[in-house]
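Here is entry-v9.pdb, consisting of PDB, C-alpha atoms:
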```
ATOM      1  CA  MET A  63       3.509  -7.999 -26.590
ATOM      2  CA  LYS A  64       2.546  -4.385 -26.010
ATOM      3  CA  VAL A  65       0.503  -4.097 -22.813
ATOM      4  CA  LEU A  66      -1.184  -0.930 -21.582
ATOM      5  CA  ILE A  67      -1.968  -0.744 -17.864
ATOM      6  CA  THR A  68      -4.414   1.859 -16.577
ATOM      7  CA  GLY A  69      -4.416   2.852 -12.920
ATOM      8  CA  ALA A  70      -0.737   1.910 -12.918
ATOM      9  CA  LYS A  71       0.161   3.765  -9.719
ATOM     10  CA  GLY A  72      -2.325   1.791  -7.623
ATOM     11  CA  MET A  73      -1.512  -1.228  -5.495
ATOM     12  CA  LEU A  74      -2.559  -3.767  -8.123
ATOM     13  CA  GLY A  75      -1.361  -1.728 -11.099
ATOM     14  CA  GLN A  76       2.179  -1.558  -9.756
ATOM     15  CA  ASP A  77       2.446  -5.329  -9.417
ATOM     16  CA  VAL A  78       0.870  -5.989 -12.818
ATOM     17  CA  ALA A  79       3.326  -3.583 -14.471
ATOM     18  CA  ALA A  80       6.337  -5.095 -12.696
ATOM     19  CA  ASP A  81       5.344  -8.662 -13.581
ATOM     20  CA  ALA A  82       4.595  -7.780 -17.208
ATOM     21  CA  ARG A  83       7.996  -6.109 -17.581
ATOM     22  CA  ALA A  84       9.729  -9.110 -16.004
ATOM     23  CA  ARG A  85       8.128 -11.296 -18.674
ATOM     24  CA  GLY A  86       9.575  -9.145 -21.433
ATOM     25  CA  HIS A  87       6.377  -7.378 -22.474
ATOM     26  CA  GLU A  88       6.474  -3.820 -23.741
ATOM     27  CA  VAL A  89       4.642  -2.070 -20.921
ATOM     28  CA  ILE A  90       2.912   1.289 -21.040
ATOM     29  CA  ALA A  91       1.962   2.162 -17.463
ATOM     30  CA  TRP A  92      -0.508   5.037 -17.266
ATOM     31  CA  ASP A  93      -2.276   6.520 -14.306
ATOM     32  CA  ARG A  94      -5.082   9.094 -14.416
ATOM     33  CA  GLU A  95      -2.643  11.883 -15.307
ATOM     34  CA  GLU A  96      -1.766  10.094 -18.553
ATOM     35  CA  LEU A  97      -5.223   8.674 -19.304
ATOM     36  CA  ASP A  98      -8.533   9.618 -17.726
ATOM     37  CA  ILE A  99     -10.703   6.659 -18.708
ATOM     38  CA  THR A 100     -13.877   8.679 -18.049
ATOM     39  CA  ALA A 101     -13.167  10.826 -21.147
ATOM     40  CA  LEU A 102     -14.178   8.831 -24.229
ATOM     41  CA  ASP A 103     -12.498  11.103 -26.797
ATOM     42  CA  ARG A 104      -9.238  10.984 -24.865
ATOM     43  CA  VAL A 105      -9.428   7.204 -24.582
ATOM     44  CA  ARG A 106     -10.100   6.841 -28.310
ATOM     45  CA  GLN A 107      -7.221   9.130 -29.290
ATOM     46  CA  SER A 108      -4.694   7.707 -26.842
ATOM     47  CA  LEU A 109      -5.313   4.045 -27.637
ATOM     48  CA  ALA A 110      -5.196   4.698 -31.372
ATOM     49  CA  GLU A 111      -1.817   6.403 -30.974
ATOM     50  CA  VAL A 112      -0.283   3.732 -28.735
ATOM     51  CA  GLY A 113      -1.800   0.615 -30.321
ATOM     52  CA  PRO A 114      -1.571  -1.924 -27.470
ATOM     53  CA  ARG A 115      -2.486  -5.552 -27.974
ATOM     54  CA  VAL A 116      -3.924  -5.868 -24.467
ATOM     55  CA  ILE A 117      -5.249  -3.370 -21.934
ATOM     56  CA  ILE A 118      -5.257  -4.298 -18.239
ATOM     57  CA  ASN A 119      -7.624  -1.924 -16.484
ATOM     58  CA  CYS A 120      -6.556  -1.389 -12.884
ATOM     59  CA  ALA A 121      -8.224   2.022 -12.653
ATOM     60  CA  ALA A 122     -11.122   2.077 -10.195
ATOM     61  CA  TYR A 123     -12.978   4.025  -7.566
ATOM     62  CA  THR A 124     -12.407   1.772  -4.538
ATOM     63  CA  ASN A 125     -13.727   3.693  -1.521
ATOM     64  CA  VAL A 126     -16.555   1.370  -0.516
ATOM     65  CA  ASP A 127     -17.997   3.626   2.173
ATOM     66  CA  GLY A 128     -17.325   6.798   0.223
ATOM     67  CA  ALA A 129     -19.385   5.510  -2.698
ATOM     68  CA  GLU A 130     -22.508   5.694  -0.541
ATOM     69  CA  LYS A 131     -22.314   9.485  -0.814
ATOM     70  CA  GLU A 132     -20.399   9.674  -4.088
ATOM     71  CA  GLU A 133     -22.126   7.067  -6.230
ATOM     72  CA  GLY A 134     -21.971   9.363  -9.258
ATOM     73  CA  ALA A 135     -18.202   9.687  -8.969
ATOM     74  CA  ALA A 136     -17.876   5.933  -8.534
ATOM     75  CA  LEU A 137     -20.110   5.310 -11.562
ATOM     76  CA  SER A 138     -17.986   7.621 -13.670
ATOM     77  CA  VAL A 139     -14.895   5.461 -13.180
ATOM     78  CA  ASN A 140     -16.274   1.996 -12.433
ATOM     79  CA  ALA A 141     -18.990   2.013 -15.108
ATOM     80  CA  LEU A 142     -18.549   4.716 -17.757
ATOM     81  CA  GLY A 143     -14.772   4.353 -17.718
ATOM     82  CA  VAL A 144     -15.156   0.648 -18.448
ATOM     83  CA  ARG A 145     -17.697   1.420 -21.165
ATOM     84  CA  ASN A 146     -15.217   3.772 -22.819
ATOM     85  CA  LEU A 147     -12.403   1.238 -22.759
ATOM     86  CA  ALA A 148     -14.704  -1.511 -24.048
ATOM     87  CA  LEU A 149     -15.943   0.621 -26.939
ATOM     88  CA  VAL A 150     -12.476   1.553 -28.123
ATOM     89  CA  CYS A 151     -11.102  -1.947 -27.575
ATOM     90  CA  ARG A 152     -13.868  -3.283 -29.826
ATOM     91  CA  GLU A 153     -13.090  -0.685 -32.487
ATOM     92  CA  LEU A 154      -9.336  -1.415 -32.434
ATOM     93  CA  GLU A 155      -9.563  -5.177 -31.740
ATOM     94  CA  ILE A 156      -7.742  -4.921 -28.413
ATOM     95  CA  ALA A 157      -8.214  -7.494 -25.654
ATOM     96  CA  LEU A 158      -9.388  -5.987 -22.364
ATOM     97  CA  VAL A 159      -8.769  -7.226 -18.829
ATOM     98  CA  HIS A 160     -11.039  -5.675 -16.211
ATOM     99  CA  PHE A 161     -11.126  -6.248 -12.446
ATOM    100  CA  SER A 162     -14.367  -6.482 -10.538
ATOM    101  CA  THR A 163     -15.250  -7.450  -6.992
ATOM    102  CA  ASP A 164     -16.845  -9.993  -4.695
ATOM    103  CA  TYR A 165     -19.171  -7.176  -3.624
ATOM    104  CA  VAL A 166     -21.362  -7.750  -6.688
ATOM    105  CA  PHE A 167     -22.841 -10.609  -4.609
ATOM    106  CA  ASP A 168     -25.185 -10.135  -1.651
ATOM    107  CA  GLY A 169     -23.619 -12.792   0.575
ATOM    108  CA  SER A 170     -26.771 -14.849   1.018
ATOM    109  CA  LYS A 171     -25.407 -18.029  -0.593
ATOM    110  CA  GLU A 172     -24.162 -20.661   1.864
ATOM    111  CA  GLY A 173     -21.420 -21.980  -0.422
ATOM    112  CA  LYS A 174     -18.926 -20.316  -2.712
ATOM    113  CA  CYS A 175     -20.088 -17.801  -5.317
ATOM    114  CA  GLY A 176     -19.617 -19.111  -8.863
ATOM    115  CA  ILE A 177     -18.959 -17.095 -11.991
ATOM    116  CA  PHE A 178     -22.541 -17.451 -13.231
ATOM    117  CA  ASP A 179     -24.330 -17.045  -9.901
ATOM    118  CA  SER A 180     -26.871 -14.239  -9.678
ATOM    119  CA  THR A 181     -25.496 -10.877  -8.619
ATOM    120  CA  ASN A 182     -27.243  -8.580  -6.173
ATOM    121  CA  PRO A 183     -24.921  -5.958  -4.691
ATOM    122  CA  LEU A 184     -25.750  -4.561  -1.263
ATOM    123  CA  ASN A 185     -23.933  -1.248  -1.585
ATOM    124  CA  ALA A 186     -23.274   1.583  -4.048
ATOM    125  CA  TYR A 187     -19.714   0.447  -4.743
ATOM    126  CA  GLY A 188     -20.932  -3.019  -5.719
ATOM    127  CA  ARG A 189     -23.638  -1.515  -7.937
ATOM    128  CA  THR A 190     -21.109   0.615  -9.824
ATOM    129  CA  LYS A 191     -18.787  -2.344 -10.320
ATOM    130  CA  LEU A 192     -21.671  -4.446 -11.594
ATOM    131  CA  CYS A 193     -22.547  -1.695 -14.076
ATOM    132  CA  GLY A 194     -18.972  -1.884 -15.342
ATOM    133  CA  GLU A 195     -19.303  -5.650 -15.733
ATOM    134  CA  GLU A 196     -22.480  -5.227 -17.764
ATOM    135  CA  TYR A 197     -20.897  -2.676 -20.091
ATOM    136  CA  LEU A 198     -17.906  -4.956 -20.600
ATOM    137  CA  ARG A 199     -20.015  -7.997 -21.413
ATOM    138  CA  LEU A 200     -22.389  -6.117 -23.717
ATOM    139  CA  ILE A 201     -19.762  -4.229 -25.696
ATOM    140  CA  SER A 202     -16.433  -6.046 -25.808
ATOM    141  CA  PRO A 203     -16.085  -9.396 -27.602
ATOM    142  CA  ARG A 204     -12.531  -9.936 -26.281
ATOM    143  CA  TYR A 205     -12.539  -9.582 -22.508
ATOM    144  CA  TYR A 206     -11.297 -11.161 -19.310
ATOM    145  CA  LEU A 207     -13.578 -10.192 -16.434
ATOM    146  CA  VAL A 208     -11.690 -10.938 -13.214
ATOM    147  CA  ARG A 209     -13.532 -10.786  -9.907
ATOM    148  CA  THR A 210     -11.294 -10.707  -6.865
ATOM    149  CA  SER A 211     -11.471  -9.768  -3.189
ATOM    150  CA  TRP A 212      -9.772  -8.409  -0.054
ATOM    151  CA  LEU A 213      -6.625  -7.230  -1.849
ATOM    152  CA  PHE A 214      -3.311  -6.563  -0.146
ATOM    153  CA  GLY A 215       0.027  -5.669  -1.687
ATOM    154  CA  LYS A 216       3.174  -3.704  -1.033
ATOM    155  CA  GLY A 217       2.202  -0.846  -3.341
ATOM    156  CA  GLY A 218      -0.541   0.705  -1.218
ATOM    157  CA  ASN A 219      -2.588   0.846   1.944
ATOM    158  CA  ASN A 220      -4.485  -2.317   2.851
ATOM    159  CA  PHE A 221      -5.999  -4.258   5.761
ATOM    160  CA  ILE A 222      -2.659  -5.738   6.838
ATOM    161  CA  GLU A 223      -1.030  -2.323   7.047
ATOM    162  CA  THR A 224      -4.002  -0.966   8.988
ATOM    163  CA  MET A 225      -3.813  -3.812  11.502
ATOM    164  CA  LEU A 226      -0.035  -3.425  11.929
ATOM    165  CA  ARG A 227      -0.406   0.310  12.476
ATOM    166  CA  LEU A 228      -3.158  -0.152  15.049
ATOM    167  CA  ALA A 229      -1.102  -2.837  16.803
ATOM    168  CA  GLN A 230       1.499  -0.175  17.548
ATOM    169  CA  GLU A 231      -1.145   2.043  19.132
ATOM    170  CA  ARG A 232      -3.467  -0.322  21.021
ATOM    171  CA  SER A 233      -3.384  -3.415  23.196
ATOM    172  CA  GLU A 234      -6.694  -4.705  21.839
ATOM    173  CA  LEU A 235      -8.260  -4.568  18.384
ATOM    174  CA  SER A 236     -11.967  -5.050  17.627
ATOM    175  CA  VAL A 237     -12.460  -6.696  14.227
ATOM    176  CA  VAL A 238     -15.561  -7.893  12.399
ATOM    177  CA  SER A 239     -16.092 -11.659  12.637
ATOM    178  CA  ASP A 240     -19.285 -12.160  10.595
ATOM    179  CA  GLN A 241     -17.973 -11.388   7.099
ATOM    180  CA  ARG A 242     -16.211 -14.201   5.239
ATOM    181  CA  GLY A 243     -14.073 -13.870   2.136
ATOM    182  CA  CYS A 244     -10.730 -14.585   0.475
ATOM    183  CA  PRO A 245      -7.689 -12.379   1.152
ATOM    184  CA  THR A 246      -5.671 -11.927  -2.050
ATOM    185  CA  PHE A 247      -2.035 -10.908  -2.557
ATOM    186  CA  THR A 248      -1.699  -8.619  -5.577
ATOM    187  CA  GLU A 249       1.533 -10.342  -6.651
ATOM    188  CA  ASP A 250      -0.277 -13.683  -6.918
ATOM    189  CA  LEU A 251      -3.243 -12.089  -8.674
ATOM    190  CA  SER A 252      -0.967 -10.371 -11.191
ATOM    191  CA  ARG A 253       0.821 -13.607 -12.042
ATOM    192  CA  ALA A 254      -2.446 -15.450 -12.635
ATOM    193  CA  VAL A 255      -3.886 -12.661 -14.787
ATOM    194  CA  LEU A 256      -0.817 -12.473 -17.017
ATOM    195  CA  ASP A 257      -0.846 -16.268 -17.388
ATOM    196  CA  LEU A 258      -4.554 -16.074 -18.217
ATOM    197  CA  ILE A 259      -3.915 -13.578 -21.005
ATOM    198  CA  GLU A 260      -1.506 -16.003 -22.627
ATOM    199  CA  THR A 261      -4.241 -18.656 -22.912
ATOM    200  CA  GLY A 262      -6.530 -16.469 -25.040
ATOM    201  CA  ALA A 263      -9.479 -17.977 -23.133
ATOM    202  CA  PHE A 264     -11.780 -14.987 -22.759
ATOM    203  CA  GLY A 265     -14.535 -14.984 -20.145
ATOM    204  CA  ILE A 266     -15.321 -14.488 -16.463
ATOM    205  CA  TYR A 267     -12.881 -15.627 -13.776
ATOM    206  CA  HIS A 268     -12.748 -15.558 -10.000
ATOM    207  CA  ILE A 269      -9.144 -15.139  -8.891
ATOM    208  CA  THR A 270      -8.262 -15.041  -5.196
ATOM    209  CA  ASN A 271      -5.801 -16.762  -2.941
ATOM    210  CA  SER A 272      -7.022 -20.186  -1.834
ATOM    211  CA  GLY A 273      -8.878 -20.662   1.416
ATOM    212  CA  ASP A 274     -11.257 -18.293   3.150
ATOM    213  CA  THR A 275     -11.498 -16.545   6.490
ATOM    214  CA  THR A 276     -13.159 -13.727   8.409
ATOM    215  CA  TRP A 277     -11.672 -10.283   8.957
ATOM    216  CA  CYS A 278     -11.221 -11.166  12.620
ATOM    217  CA  ASP A 279      -9.369 -14.419  11.924
ATOM    218  CA  PHE A 280      -7.313 -12.619   9.279
ATOM    219  CA  ALA A 281      -6.317 -10.018  11.875
ATOM    220  CA  GLN A 282      -5.402 -12.719  14.399
ATOM    221  CA  GLU A 283      -3.167 -14.396  11.825
ATOM    222  CA  ILE A 284      -1.521 -11.055  11.045
ATOM    223  CA  MET A 285      -0.720 -10.545  14.733
ATOM    224  CA  LYS A 286       0.626 -14.078  15.036
ATOM    225  CA  GLU A 287       2.854 -13.940  11.968
ATOM    226  CA  SER A 288       4.148 -10.438  12.727
ATOM    227  CA  GLY A 289       4.904 -11.220  16.372
ATOM    228  CA  HIS A 290       2.583  -8.632  17.903
ATOM    229  CA  GLN A 291       1.172  -9.493  21.328
ATOM    230  CA  VAL A 292      -2.160  -7.802  20.697
ATOM    231  CA  SER A 293      -5.584  -9.185  21.557
ATOM    232  CA  VAL A 294      -8.114  -9.316  18.707
ATOM    233  CA  ARG A 295     -11.733  -9.146  19.869
ATOM    234  CA  PRO A 296     -14.467 -10.370  17.500
ATOM    235  CA  ILE A 297     -17.386  -7.997  16.927
ATOM    236  CA  SER A 298     -20.380  -8.003  14.605
ATOM    237  CA  THR A 299     -20.760  -5.877  11.490
ATOM    238  CA  LYS A 300     -23.616  -4.076  13.225
ATOM    239  CA  GLU A 301     -21.389  -3.245  16.203
ATOM    240  CA  PHE A 302     -18.621  -1.957  13.937
ATOM    241  CA  GLY A 303     -20.994   0.322  12.052
ATOM    242  CA  ARG A 304     -20.070   1.396   8.522
ATOM    243  CA  PRO A 305     -22.040   3.431   5.948
ATOM    244  CA  ALA A 306     -21.954   0.656   3.317
ATOM    245  CA  ALA A 307     -23.469  -2.777   3.884
ATOM    246  CA  ARG A 308     -21.130  -5.741   3.312
ATOM    247  CA  PRO A 309     -22.004  -9.307   2.265
ATOM    248  CA  GLU A 310     -21.703 -11.922   4.981
ATOM    249  CA  ASN A 311     -20.279 -14.516   2.597
ATOM    250  CA  SER A 312     -18.370 -13.399  -0.475
ATOM    251  CA  VAL A 313     -16.101 -16.426  -0.897
ATOM    252  CA  LEU A 314     -15.446 -16.862  -4.620
ATOM    253  CA  ASP A 315     -15.397 -20.234  -6.404
ATOM    254  CA  PRO A 316     -12.270 -20.330  -8.619
ATOM    255  CA  PHE A 317     -13.743 -22.550 -11.373
ATOM    256  CA  PRO A 318     -12.552 -22.527 -14.176
ATOM    257  CA  LEU A 319      -9.177 -20.987 -13.246
ATOM    258  CA  ARG A 320      -7.298 -24.262 -12.666
ATOM    259  CA  GLU A 321      -8.841 -25.726 -15.827
ATOM    260  CA  THR A 322      -7.564 -22.729 -17.814
ATOM    261  CA  VAL A 323      -4.120 -21.792 -16.427
ATOM    262  CA  GLY A 324      -3.299 -25.094 -14.726
ATOM    263  CA  TYR A 325      -3.168 -24.012 -11.086
ATOM    264  CA  LEU A 326      -4.910 -22.209  -8.239
ATOM    265  CA  LEU A 327      -3.326 -19.456  -6.179
ATOM    266  CA  PRO A 328      -1.556 -20.408  -2.922
ATOM    267  CA  ASP A 329      -3.350 -20.345   0.414
ATOM    268  CA  TRP A 330      -3.898 -16.861   1.835
ATOM    269  CA  ARG A 331      -1.795 -17.683   4.913
ATOM    270  CA  ASP A 332       1.175 -18.457   2.690
ATOM    271  CA  ALA A 333       0.557 -15.192   0.843
ATOM    272  CA  LEU A 334       0.430 -13.291   4.136
ATOM    273  CA  ARG A 335       3.775 -14.723   5.240
ATOM    274  CA  ARG A 336       5.402 -13.778   1.936
ATOM    275  CA  TYR A 337       3.962 -10.282   2.128
ATOM    276  CA  LEU A 338       5.256  -9.748   5.667
ATOM    277  CA  LYS A 339       8.679 -11.083   4.711
ATOM    278  CA  LYS A 340       8.924  -8.637   1.803
ATOM    279  CA  ARG A 341       8.035  -5.626   3.928
ATOM    280  CA  SER A 342      10.489  -6.468   6.736
TER     281      SER A 342
END
```
Reformat the file's structure so that it appears as structure tokens.
Amino acid sequence: MKVLITGAKGMLGQDVAADARARGHEVIAWDREELDITALDRVRQSLAEVGPRVIINCAAYTNVDGAEKEEGAALSVNALGVRNLALVCRELEIALVHFSTDYVFDGSKEGKCGIFDSTNPLNAYGRTKLCGEEYLRLISPRYYLVRTSWLFGKGGNNFIETMLRLAQERSELSVVSDQRGCPTFTEDLSRAVLDLIETGAFGIYHITNSGDTTWCDFAQEIMKESGHQVSVRPISTKEFGRPAARPENSVLDPFPLRETVGYLLPDWRDALRRYLKKRS
């Protein structure tokens, strides 16, 4: 199967491309230099020339705090870029995989956020991602909308790498303890998405590693598993102070992932150990 991956140089895009190649797919891995998804004419011409069966869109504006000042730039990629892909995919009958975020929710729900729960993003980044979701759902009849959260992978900077770097510089780390979510290893996410494509079961999916935690507990587990003797001090979101508001609870309910692909992703602690082993 011919698979086109946009944003292929990013952390997630690299793992998706590697996994797709390992499965024997014909992979076209493009980053912004090869395809700027914000340019509709370029998207239309390029996809017509290449003729993929599936597009996996890993291109995104991901600077959560930066989007507070650059919402237009974030909209260009996260919303209009998705619109452009959806339009051309409909014209050429191409299936489209698009990644969204737990930040489309406001965090007020006590339990897990389901695929059909009401969205209400608290920040500009979440608003732009929700706009992309709406374009996808309105335009494309053949889509997989995958919401995920707290990504880490070997192909880019992430929370684990930040904590390990700071552990070399400080004896104590202050980490937010009042935000709860699901850390997700990009290798596990890639595997599930490629398995999902093979089912042909279009729709909305929440795909994260199993289990949930806070950023503070995540950091403590990172220190433990990496052998760093560093104290992790819990602080509140208000104490930490960031430009963009974050949801207190953005734990995603995986239904109907198991019912569709036959499994759920491993626990995030298992994923953390595998990630640390690969980087050592």
Quiz item: Skipping near chain neighbours, those fewer than 6 positions away, what residues fall within 12 Å of A:Arg232 using all atoms listed in the file, listed as a PyMOL selection string?
Solution: chain A and resi 225-226+290-294
Quiz item: Can you list what the PyMOL selection byres ((chain A and resi 107) around 12) grabs from this structure, as a ChimeraX atom specification?
Solution: /A:97-99,101-106,108-113,146-147,150-151,153-154
Practice problem: Name the residues that the PyMOL selection byres ((chain A and resi 196-204) around 7) picks from the file above, as a list in words, using the file's chain letters and numbers. | Solution: Val144, Arg145, Ala148, Leu149, Cys151, Arg152, Ala157, Leu158, Leu192, Cys193, Gly194, Glu195, Tyr205 and Phe264 of chain A
Quiz item: How far is it from atom CA of A:Phe221 to atom CA of A:Ala84, in Å with one decimal?
Solution: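 Taking atom CA of A:Phe221 and atom CA of A:Ala84, their separation equals 27.3 Å.
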Self-check item: Best match for closeness to A:Ser138 among A:Lys286, A:Gly176, A:Gly243, A:Tyr187, counting all atoms listed in the file
Solution: A:Tyr187
Self-check item: Residues within 12 Å of A:Arg83, all atoms listed in the file, excluding chain neighbours under 2 positions, as a ChimeraX atom specification
Solution: /A:63-67,76-81,85-91,252-253,256
Exercise. Give the answer as one residue: which of A:Ser233, A:Thr299, A:Thr124, A:Asn119 has the shortest atom-to-atom distance to A:Asn220, using only C-alpha atoms?
Key: A:Thr124
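Considering all atoms listed in the file, the residue among A:Leu334, A:Leu74, A:Val166, A:Leu213 positioned nearest to A:Thr246 is A:Leu213.
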Spatial neighbours of A:Asp315, 7 Å, all atoms listed in the file, chain gap at least 3 places, as an mmCIF file with C-alpha atoms, in the coordinates of the input:
```cif
data_model
loop_
_atom_site.group_PDB
_atom_site.id
_atom_site.type_symbol
_atom_site.label_atom_id
_atom_site.label_comp_id
_atom_site.auth_asym_id
_atom_site.auth_seq_id
_atom_site.Cartn_x
_atom_site.Cartn_y
_atom_site.Cartn_z
ATOM 1 C CA LYS A 174 -18.926 -20.316 -2.712
ATOM 2 C CA CYS A 175 -20.088 -17.801 -5.317
ATOM 3 C CA GLY A 176 -19.617 -19.111 -8.863
ATOM 4 C CA HIS A 268 -12.748 -15.558 -10.000
#
```
Exercise. One decimal, Å: what's the distance from atom CA of A:Glu287 over to atom CA of A:Glu249, could you say?
Key: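 About the pair atom CA of A:Glu287 and atom CA of A:Glu249: they are 19.0 Å apart.
Closest to A:Ser239 among A:Leu251, A:Ile156, A:Leu184, A:Ile297 is A:Ile297, based on all atoms listed in the file.
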